[in-house]
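So this block is work38.txt, compact mmCIF, C-alpha atoms:
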```txt
# COMPACT_ATOMS: atom_id res chain seq x y z
CA MET X 1 0.00 0.00 0.00
CA SER X 2 2.94 2.31 0.47
CA LYS X 3 3.53 2.83 -3.18
CA THR X 4 4.95 6.30 -3.89
CA VAL X 5 2.64 8.47 -5.96
CA PRO X 6 4.51 10.95 -8.15
CA ILE X 7 3.48 14.56 -7.63
CA ARG X 8 2.08 16.13 -10.76
CA SER X 9 -0.20 18.94 -11.72
CA VAL X 10 -3.80 17.99 -12.53
CA ALA X 11 -6.14 20.12 -14.61
CA ALA X 12 -9.87 20.59 -13.85
CA ASP X 13 -10.88 17.74 -16.16
CA GLY X 14 -8.54 15.35 -14.35
CA LYS X 15 -5.91 15.16 -17.08
CA ALA X 16 -2.31 15.67 -16.14
CA VAL X 17 -0.71 18.86 -17.40
CA ALA X 18 2.97 19.51 -17.89
CA ALA X 19 4.81 21.30 -15.07
CA ARG X 20 5.76 24.90 -15.85
CA PRO X 21 9.42 25.39 -16.64
CA ARG X 22 11.36 26.54 -13.56
CA SER X 23 12.76 29.56 -15.29
CA ALA X 24 9.30 31.17 -15.42
CA ALA X 25 8.56 30.75 -11.67
CA PHE X 26 8.68 33.76 -9.31
CA GLU X 27 11.24 32.37 -6.91
CA TYR X 28 13.57 35.19 -5.90
CA LEU X 29 13.00 38.71 -4.69
CA THR X 30 15.59 41.32 -3.88
CA THR X 31 14.70 43.84 -1.18
CA LYS X 32 16.08 45.30 1.99
CA LYS X 33 15.61 43.45 5.26
CA ASP X 34 14.15 46.48 7.03
CA GLU X 35 11.67 47.11 4.24
CA LEU X 36 10.54 43.50 4.17
CA VAL X 37 10.17 43.18 7.94
CA GLY X 38 8.54 46.60 8.17
CA TRP X 39 6.08 45.70 5.42
CA GLY X 40 5.13 42.58 7.34
CA ARG X 41 4.85 44.33 10.66
CA LYS X 42 2.80 47.26 9.48
CA PHE X 43 0.00 44.98 8.32
CA SER X 44 -0.14 42.87 11.48
CA ILE X 45 -0.71 45.41 14.22
CA PHE X 46 -2.39 43.58 17.05
CA PRO X 47 -3.84 46.29 19.29
CA TYR X 48 -4.34 46.12 23.03
CA PRO X 49 -7.18 48.50 23.94
CA PHE X 50 -6.52 50.20 27.30
CA VAL X 51 -9.97 51.70 27.47
CA THR X 52 -10.85 53.96 30.37
CA ALA X 53 -13.49 56.48 29.35
CA CYS X 54 -16.04 57.71 26.84
CA CYS X 55 -13.64 57.45 23.87
CA ALA X 56 -14.40 53.72 24.13
CA MET X 57 -17.58 54.34 22.13
CA GLU X 58 -15.52 55.72 19.28
CA PHE X 59 -13.09 52.84 19.59
CA MET X 60 -16.03 50.45 19.15
CA ALA X 61 -17.28 52.45 16.16
CA VAL X 62 -13.91 52.41 14.44
CA SER X 63 -13.41 48.70 15.16
CA SER X 64 -16.75 47.62 13.78
CA THR X 65 -17.90 46.91 10.25
CA PRO X 66 -18.56 50.38 8.72
CA TYR X 67 -15.00 51.58 9.31
CA ASP X 68 -13.32 48.18 9.53
CA THR X 69 -9.78 48.58 10.80
CA ASP X 70 -9.14 45.04 9.58
CA ARG X 71 -8.33 46.66 6.23
CA PHE X 72 -5.16 47.85 7.93
CA GLY X 73 -4.48 44.58 9.73
CA ALA X 74 -5.28 46.27 13.04
CA ALA X 75 -8.67 44.88 13.98
CA LEU X 76 -8.03 41.89 16.17
CA PRO X 77 -7.62 43.10 19.75
CA ARG X 78 -5.45 40.97 21.99
CA PHE X 79 -6.62 40.97 25.57
CA SER X 80 -3.18 40.17 26.87
CA PRO X 81 -0.53 42.87 26.52
CA ARG X 82 2.05 40.11 26.01
CA GLN X 83 0.52 39.23 22.62
CA SER X 84 0.02 42.76 21.33
CA ASP X 85 2.03 45.23 19.29
CA LEU X 86 0.04 48.44 19.66
CA LEU X 87 -1.12 49.89 22.98
CA MET X 88 -4.17 52.03 22.28
CA VAL X 89 -4.76 54.25 25.31
CA VAL X 90 -8.39 55.24 24.88
CA GLY X 91 -9.61 57.81 27.39
CA THR X 92 -8.60 59.73 30.48
CA VAL X 93 -5.84 58.26 32.61
CA THR X 94 -5.78 59.27 36.26
CA HIS X 95 -2.82 59.35 38.60
CA LYS X 96 -4.35 56.41 40.45
CA GLN X 97 -4.42 54.44 37.20
CA ALA X 98 -0.97 55.44 35.93
CA PRO X 99 0.87 52.52 37.62
CA ILE X 100 -1.49 50.07 35.88
CA LEU X 101 -0.85 51.67 32.48
CA LEU X 102 2.91 51.54 33.06
CA LYS X 103 2.70 47.87 34.05
CA VAL X 104 0.69 47.00 30.92
CA TYR X 105 3.23 48.85 28.77
CA GLU X 106 6.13 47.04 30.38
CA GLN X 107 4.44 43.66 29.86
CA MET X 108 4.32 44.18 26.09
CA CYS X 109 7.03 42.51 24.01
CA GLU X 110 9.23 44.44 21.60
CA PRO X 111 8.55 45.74 19.03
CA LYS X 112 5.74 47.85 20.47
CA TRP X 113 4.01 51.08 19.63
CA VAL X 114 1.66 53.35 21.54
CA MET X 115 -1.30 55.37 20.28
CA ALA X 116 -2.76 58.17 22.42
CA PHE X 117 -6.42 58.02 21.41
CA GLY X 118 -8.32 61.25 22.03
CA ALA X 119 -7.64 64.54 23.75
CA CYS X 120 -7.40 63.16 27.30
CA ALA X 121 -4.80 60.51 26.57
CA THR X 122 -2.87 63.04 24.49
CA SER X 123 -2.77 65.96 26.91
CA GLY X 124 -5.27 65.50 29.70
CA GLY X 125 -7.90 67.18 27.55
CA PHE X 126 -9.99 69.69 29.43
CA TYR X 127 -8.93 68.33 32.81
CA GLN X 128 -6.43 70.02 35.04
CA ASN X 129 -6.93 68.85 38.59
CA TYR X 130 -5.63 66.64 41.36
CA ALA X 131 -6.77 63.44 39.66
CA THR X 132 -5.81 63.54 36.00
CA LEU X 133 -2.54 62.61 34.33
CA LEU X 134 -1.94 65.38 31.79
CA GLY X 135 -1.06 63.17 28.85
CA ILE X 136 0.22 59.60 28.89
CA ASP X 137 3.51 60.73 27.31
CA ARG X 138 4.53 61.84 30.79
CA ILE X 139 5.01 58.20 31.75
CA ILE X 140 5.33 56.16 28.52
CA PRO X 141 6.63 57.05 25.03
CA VAL X 142 3.91 57.72 22.46
CA ASP X 143 4.24 57.10 18.70
CA VAL X 144 1.04 58.60 17.35
CA TYR X 145 -1.38 61.11 18.83
CA VAL X 146 -5.00 61.12 17.65
CA PRO X 147 -6.71 64.40 18.53
CA GLY X 148 -10.41 64.95 19.08
CA CYS X 149 -12.94 64.74 21.86
CA PRO X 150 -13.78 62.09 20.83
CA PRO X 151 -11.89 61.55 17.55
CA ARG X 152 -13.82 60.82 14.40
CA PRO X 153 -13.27 57.28 13.11
CA GLU X 154 -11.56 58.80 10.07
CA THR X 155 -9.07 60.49 12.40
CA VAL X 156 -8.28 57.17 14.06
CA ILE X 157 -7.81 55.49 10.68
CA ASP X 158 -5.50 58.34 9.68
CA GLY X 159 -3.57 57.73 12.89
CA ILE X 160 -3.27 54.02 12.10
CA MET X 161 -2.02 54.84 8.60
CA LEU X 162 0.52 57.31 9.98
CA LEU X 163 1.71 54.61 12.36
CA GLN X 164 1.96 52.16 9.44
CA ASP X 165 4.16 54.66 7.59
CA LYS X 166 6.29 55.06 10.68
CA ILE X 167 6.66 51.30 11.09
CA ALA X 168 7.55 50.90 7.41
CA ARG X 169 10.26 53.57 7.70
CA GLU X 170 11.72 52.22 10.95
CA ARG X 171 14.81 50.09 11.40
CA HIS X 172 13.88 46.55 12.38
CA PRO X 173 16.93 45.00 13.99
CA ILE X 174 16.74 41.21 14.18
CA VAL X 175 19.61 41.03 16.64
CA THR X 176 19.70 43.90 19.09
CA GLU X 177 22.42 44.96 21.47
CA ARG X 178 20.36 43.50 24.31
CA PHE X 179 19.98 40.12 22.61
CA MET C 1 -49.49 62.33 52.99
CA PRO C 2 -48.67 65.36 50.82
CA ASN C 3 -45.23 66.95 51.12
CA SER C 4 -46.39 70.06 52.94
CA ALA C 5 -48.02 68.01 55.70
CA VAL C 6 -44.79 66.10 56.36
CA PHE C 7 -42.82 69.33 56.26
CA GLU C 8 -45.13 70.98 58.77
CA GLN C 9 -44.94 68.04 61.14
CA VAL C 10 -41.16 67.89 60.93
CA THR C 11 -40.84 71.64 61.33
CA ALA C 12 -43.10 71.66 64.38
CA ASP C 13 -41.36 68.68 65.92
CA PHE C 14 -37.84 70.06 65.45
CA ALA C 15 -38.69 73.59 66.57
CA THR C 16 -36.27 73.48 69.47
CA LEU C 17 -33.60 71.27 67.89
CA ALA C 18 -33.21 72.75 64.41
CA GLN C 19 -33.89 75.77 62.24
CA ALA C 20 -36.23 74.75 59.43
CA ARG C 21 -36.94 76.41 56.12
CA THR C 22 -38.01 75.33 52.64
CA SER C 23 -35.44 75.70 49.87
CA PHE C 24 -36.39 74.94 46.26
CA GLY C 25 -39.15 72.63 47.45
CA ILE C 26 -36.96 70.68 49.87
CA LEU C 27 -37.23 70.97 53.60
CA GLU C 28 -33.93 72.13 55.02
CA LEU C 29 -32.91 71.68 58.66
CA ALA C 30 -29.92 73.54 60.09
CA VAL C 31 -28.75 71.73 63.20
CA PRO C 32 -25.79 72.09 65.56
CA ALA C 33 -23.18 69.37 65.05
CA ALA C 34 -23.84 67.92 68.49
CA ALA C 35 -27.51 67.29 67.66
CA LEU C 36 -26.92 65.70 64.26
CA LEU C 37 -27.17 62.08 65.36
CA ALA C 38 -30.36 62.69 67.33
CA VAL C 39 -31.96 64.54 64.41
CA ALA C 40 -31.08 61.81 61.94
CA ARG C 41 -32.39 59.12 64.25
CA LYS C 42 -35.66 60.94 64.75
CA LEU C 43 -36.08 61.59 61.04
CA LYS C 44 -35.58 57.92 60.39
CA ASP C 45 -37.69 56.47 63.21
CA ALA C 46 -40.52 59.00 63.54
CA PHE C 47 -40.89 60.37 60.00
CA GLY C 48 -39.82 57.48 57.77
CA PHE C 49 -36.75 59.09 56.17
CA ASP C 50 -35.23 55.66 55.74
CA LEU C 51 -32.94 56.18 52.73
CA PHE C 52 -29.56 57.85 53.15
CA LEU C 53 -28.92 59.64 49.85
CA ASP C 54 -25.64 61.46 50.28
CA VAL C 55 -23.29 63.33 52.53
CA THR C 56 -21.03 66.04 51.21
CA ALA C 57 -19.49 69.26 52.44
CA VAL C 58 -19.17 72.88 51.40
CA ASP C 59 -15.98 74.83 52.00
CA TRP C 60 -16.37 78.53 52.86
CA PRO C 61 -12.73 79.63 53.18
CA LYS C 62 -13.49 83.04 54.66
CA ARG C 63 -16.28 82.02 56.99
CA THR C 64 -16.10 80.81 60.58
CA PRO C 65 -16.91 77.96 61.03
CA ARG C 66 -15.42 77.03 57.70
CA PHE C 67 -17.26 73.87 56.63
CA THR C 68 -20.90 72.99 56.14
CA VAL C 69 -21.64 69.26 56.12
CA VAL C 70 -24.77 68.53 54.09
CA TYR C 71 -26.90 65.38 54.33
CA HIS C 72 -29.83 64.33 52.18
CA PHE C 73 -32.41 61.79 53.26
CA TYR C 74 -35.37 60.36 51.38
CA SER C 75 -38.59 58.92 52.68
CA THR C 76 -39.72 55.87 50.73
CA THR C 77 -43.17 56.09 52.32
CA HIS C 78 -43.88 59.82 51.81
CA HIS C 79 -41.63 60.24 48.73
CA VAL C 80 -40.04 63.46 49.96
CA ARG C 81 -36.49 64.54 50.60
CA VAL C 82 -35.01 66.44 53.49
CA ARG C 83 -31.69 68.24 53.69
CA VAL C 84 -29.80 68.49 56.96
CA LYS C 85 -26.96 70.99 57.32
CA THR C 86 -24.47 71.36 60.12
CA GLU C 87 -21.43 73.59 60.47
CA VAL C 88 -18.02 72.50 61.72
CA PRO C 89 -14.87 74.57 62.36
CA GLU C 90 -11.58 74.15 60.52
CA ALA C 91 -9.70 73.27 63.69
CA ASP C 92 -11.92 70.30 64.49
CA PRO C 93 -13.94 69.32 61.40
CA ALA C 94 -15.69 66.41 63.07
CA VAL C 95 -19.26 65.11 63.16
CA ASP C 96 -20.74 61.86 64.43
CA THR C 97 -20.95 58.99 61.98
CA LEU C 98 -24.35 57.82 60.79
CA THR C 99 -23.17 54.29 60.00
CA GLY C 100 -25.06 53.08 63.08
CA LEU C 101 -28.33 54.21 61.47
CA PHE C 102 -27.59 53.70 57.77
CA GLY C 103 -25.03 51.11 56.67
CA SER C 104 -24.74 52.84 53.30
CA ALA C 105 -23.35 55.96 54.95
CA GLY C 106 -19.96 54.27 55.31
CA PHE C 107 -18.72 54.71 51.75
CA MET C 108 -20.12 58.21 51.40
CA GLU C 109 -18.48 59.33 54.61
CA ARG C 110 -15.20 57.93 53.32
CA GLU C 111 -15.56 59.98 50.14
CA CYS C 112 -16.38 63.13 52.11
CA HIS C 113 -13.35 62.46 54.29
CA ASP C 114 -11.19 62.08 51.15
CA MET C 115 -12.35 65.27 49.51
CA TYR C 116 -12.88 67.67 52.43
CA GLY C 117 -11.14 66.11 55.40
CA ILE C 118 -14.30 65.91 57.47
CA VAL C 119 -13.77 63.42 60.29
CA PHE C 120 -16.68 61.13 61.04
CA ARG C 121 -16.36 60.11 64.66
CA GLY C 122 -17.12 56.42 65.06
CA ASN C 123 -16.59 55.44 61.43
CA ALA C 124 -13.93 52.76 61.85
CA ASP C 125 -12.90 52.72 58.18
CA LEU C 126 -11.93 56.15 56.85
CA ARG C 127 -9.28 54.85 54.43
CA PRO C 128 -9.11 56.64 51.05
CA ILE C 129 -11.82 55.40 48.72
CA LEU C 130 -11.40 57.54 45.60
CA LEU C 131 -7.91 58.85 46.36
CA TYR C 132 -4.88 56.65 46.84
CA GLU C 133 -2.68 55.82 49.82
CA GLY C 134 -0.12 58.53 50.30
CA PHE C 135 -2.22 61.37 48.89
CA GLU C 136 -1.70 64.47 51.01
CA GLY C 137 -4.37 67.06 51.53
CA HIS C 138 -8.01 67.24 50.54
CA PRO C 139 -8.50 68.18 46.89
CA LEU C 140 -11.96 69.73 47.03
CA ARG C 141 -10.96 72.25 49.67
CA LYS C 142 -10.69 75.71 48.13
CA ASP C 143 -7.06 76.11 49.18
CA TYR C 144 -5.95 73.01 47.25
CA ALA C 145 -4.27 74.39 44.10
CA LYS C 146 -5.79 72.93 40.94
CA GLU C 147 -2.39 72.36 39.31
CA HIS C 148 -1.04 70.49 42.35
CA GLU C 149 -0.33 66.94 41.20
CA GLN C 150 0.73 63.97 43.29
CA PRO C 151 1.80 61.40 40.69
CA LEU C 152 2.43 57.80 41.67
CA VAL C 153 4.69 57.13 38.68
CA PRO C 154 7.82 59.23 38.14
CA TYR C 155 7.59 61.32 34.98
CA ARG C 156 9.90 60.62 32.02
CA GLU C 157 12.89 62.89 31.22
```
Mind turning this structure into structure tokens?
Amino acid sequence: MSKTVPIRSVAADGKAVAARPRSAAFEYLTTKKDELVGWGRKFSIFPYPFVTACCAMEFMAVSSTPYDTDRFGAALPRFSPRQSDLLMVVGTVTHKQAPILLKVYEQMCEPKWVMAFGACATSGGFYQNYATLLGIDRIIPVDVYVPGCPPRPETVIDGIMLLQDKIARERHPIVTERF
Amino acid sequence: MPNSAVFEQVTADFATLAQARTSFGILELAVPAAALLAVARKLKDAFGFDLFLDVTAVDWPKRTPRFTVVYHFYSTTHHVRVRVKTEVPEADPAVDTLTGLFGSAGFMERECHDMYGIVFRGNADLRPILLYEGFEGHPLRKDYAKEHEQPLVPYRE
């Protein structure tokens, strides 16, 4: 029963067709490592939504069918920071919450990016009081700021596209000095 | 029983203990801090004000005594509210706790303690509820600067 069956191409009507000559196959590609890795990474942004306030409604709107962030490879939220690439900070962050945000950021694996979603995450928005952290960039580095209170879905998509451009232009070291 | 009848009864009954007036359709009782517990107990037992709605404070920085502690109660039988006000000085901003009468007062007294520094004598658990451990001062007092931050995480740069 273990007779070896030769591999061959079969047409729709079941007749064997001749294999294409190797010279015509698309087998090699010359590019730069950073461009190739960046191209792959920019279309597989797995976001972690750190959602604290009313901007969450806009996050839901932009994630759902009419705006469809899956077109940009950024629609599948990971609910563990360890599996995610993009930390989306959606809403007001208070001083009491800042240690939690920092812990989530530190749990994410490299490479990682951060989006400040909305006016509050960007700058504290209209708050200036004892409770509010005036912009998450005071405690973690931010790659893209999305303005608005709340931002339009188009603004968020623009932010994602800006981040994609940034990722595509970045260096992507495979071996780092820490490795 | 219509509102006005309850108000008249309460007003007549508290004539010696409290100053009563009607403010925006709510009966308002101004009582000395020492009489607060007795007033609340009587409102609950004799007049059916059995729901503790809220306790908060008002800071009058230039007035003596500085703070007004404001309570709201609701009667689920008569469907009316009553407001009880008492004044406490800055040096000793303390009133008796109402947790013995209303269990739900505990959390609201903790919040009032957080924000205004009012001490509720007899409330065994006045830990911060909205603020965090290590927060100094009381942010809703008028002399707390609005730009005064007490971050838990050191800032970058």
Check your understanding: From the list C:Asp92, C:Tyr132, C:Arg41, C:Gly137, which residue is nearest chain X when using all atoms listed in the file?
Key -> C:Tyr132
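Distance-wise, CA of Tyr130 (chain X) and CA of Gln150 (chain C) end up 7.2 Å apart.
Within 12 Å of chain X, and counting all atoms listed in the file, chain C contributes Met115, Pro128, Ile129, Leu130, Leu131, Tyr132, Glu133, Gly134, Phe135, Glu136, Gly137, His138, Pro139, Leu140, Arg141, Tyr144, Ala145, Lys146, Glu147, His148, Glu149, Gln150, Pro151, Leu152, Val153, Pro154, Tyr155, Arg156 and Glu157 of chain C.
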Point to revise | Nearby residues (all atoms listed in the file) at most 10 Å from Phe59 (chain X), same-chain spacing under 2 positions excluded, as a PyMOL selection string | key: chain X and resi 49+51+54-57+61-64+88+90-91+117-118+150-153+156
Exercise for review: Figure out the distance between CA of Ala75 (chain X) and CA of Cys109 (chain X), please, to one decimal in Å.
Suggested key: 18.8 Å
Review point. So what do you get for CA of Glu58 (chain X) versus CA of Ile45 (chain X), distance-wise?
Key: 18.7 Å
Check your understanding: Which is closer to Pro47 (chain X) than all the others in X:Asp70, X:Asp85, X:Asp13, X:Asp34, using all atoms listed in the file?
Key -> X:Asp85
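By chain and then residue number, the residues within 12 Å of Lys42 (chain X) are Asp34, Glu35, Leu36, Val37, Gly38, Phe46, Pro47, Arg71, Phe72, Gly73, Ala74, Asp85, Leu86, Pro111, Lys112, Trp113, Ile160, Met161, Leu162, Leu163, Gln164, Asp165, Lys166, Ile167, Ala168, Arg169, Glu170 and His172 of chain X, counting all atoms listed in the file and disregarding those fewer than 4 positions away in sequence.
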Emit the selected residues as a short mmCIF file (atom, residue, chain, number, x, y, z; two decimals), in the frame of the given file, including C-alpha atoms.
```cif
data_model
loop_
_atom_site.label_atom_id
_atom_site.label_comp_id
_atom_site.auth_asym_id
_atom_site.auth_seq_id
_atom_site.Cartn_x
_atom_site.Cartn_y
_atom_site.Cartn_z
CA ASP X 34 14.15 46.48 7.03
CA GLU X 35 11.67 47.11 4.24
CA LEU X 36 10.54 43.50 4.17
CA VAL X 37 10.17 43.18 7.94
CA GLY X 38 8.54 46.60 8.17
CA PHE X 46 -2.39 43.58 17.05
CA PRO X 47 -3.84 46.29 19.29
CA ARG X 71 -8.33 46.66 6.23
CA PHE X 72 -5.16 47.85 7.93
CA GLY X 73 -4.48 44.58 9.73
CA ALA X 74 -5.28 46.27 13.04
CA ASP X 85 2.03 45.23 19.29
CA LEU X 86 0.04 48.44 19.66
CA PRO X 111 8.55 45.74 19.03
CA LYS X 112 5.74 47.85 20.47
CA TRP X 113 4.01 51.08 19.63
CA ILE X 160 -3.27 54.02 12.10
CA MET X 161 -2.02 54.84 8.60
CA LEU X 162 0.52 57.31 9.98
CA LEU X 163 1.71 54.61 12.36
CA GLN X 164 1.96 52.16 9.44
CA ASP X 165 4.16 54.66 7.59
CA LYS X 166 6.29 55.06 10.68
CA ILE X 167 6.66 51.30 11.09
CA ALA X 168 7.55 50.90 7.41
CA ARG X 169 10.26 53.57 7.70
CA GLU X 170 11.72 52.22 10.95
CA HIS X 172 13.88 46.55 12.38
#
```
**Study point:** Residue neighbourhood Thr99 (chain C), 12 Å, only C-alpha atoms, exclusion window fewer than 6 positions, as an MDAnalysis selection string
**Key:** chainID C and resid 37 40:41 52 55 105:110 120:126
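With all atoms listed in the file as the basis for measurement, C:Val70 is the residue among C:Ala5, C:Ala94, C:Val70, C:Val58 that approaches Val31 (chain C) most closely.
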Practice item. Just the residues within 6 Å of Gly135 (chain X), please, counting only C-alpha atoms, with nothing from its chain fewer than 3 positions along; format it as a PyMOL selection string. Key: chain X and resi 121-124
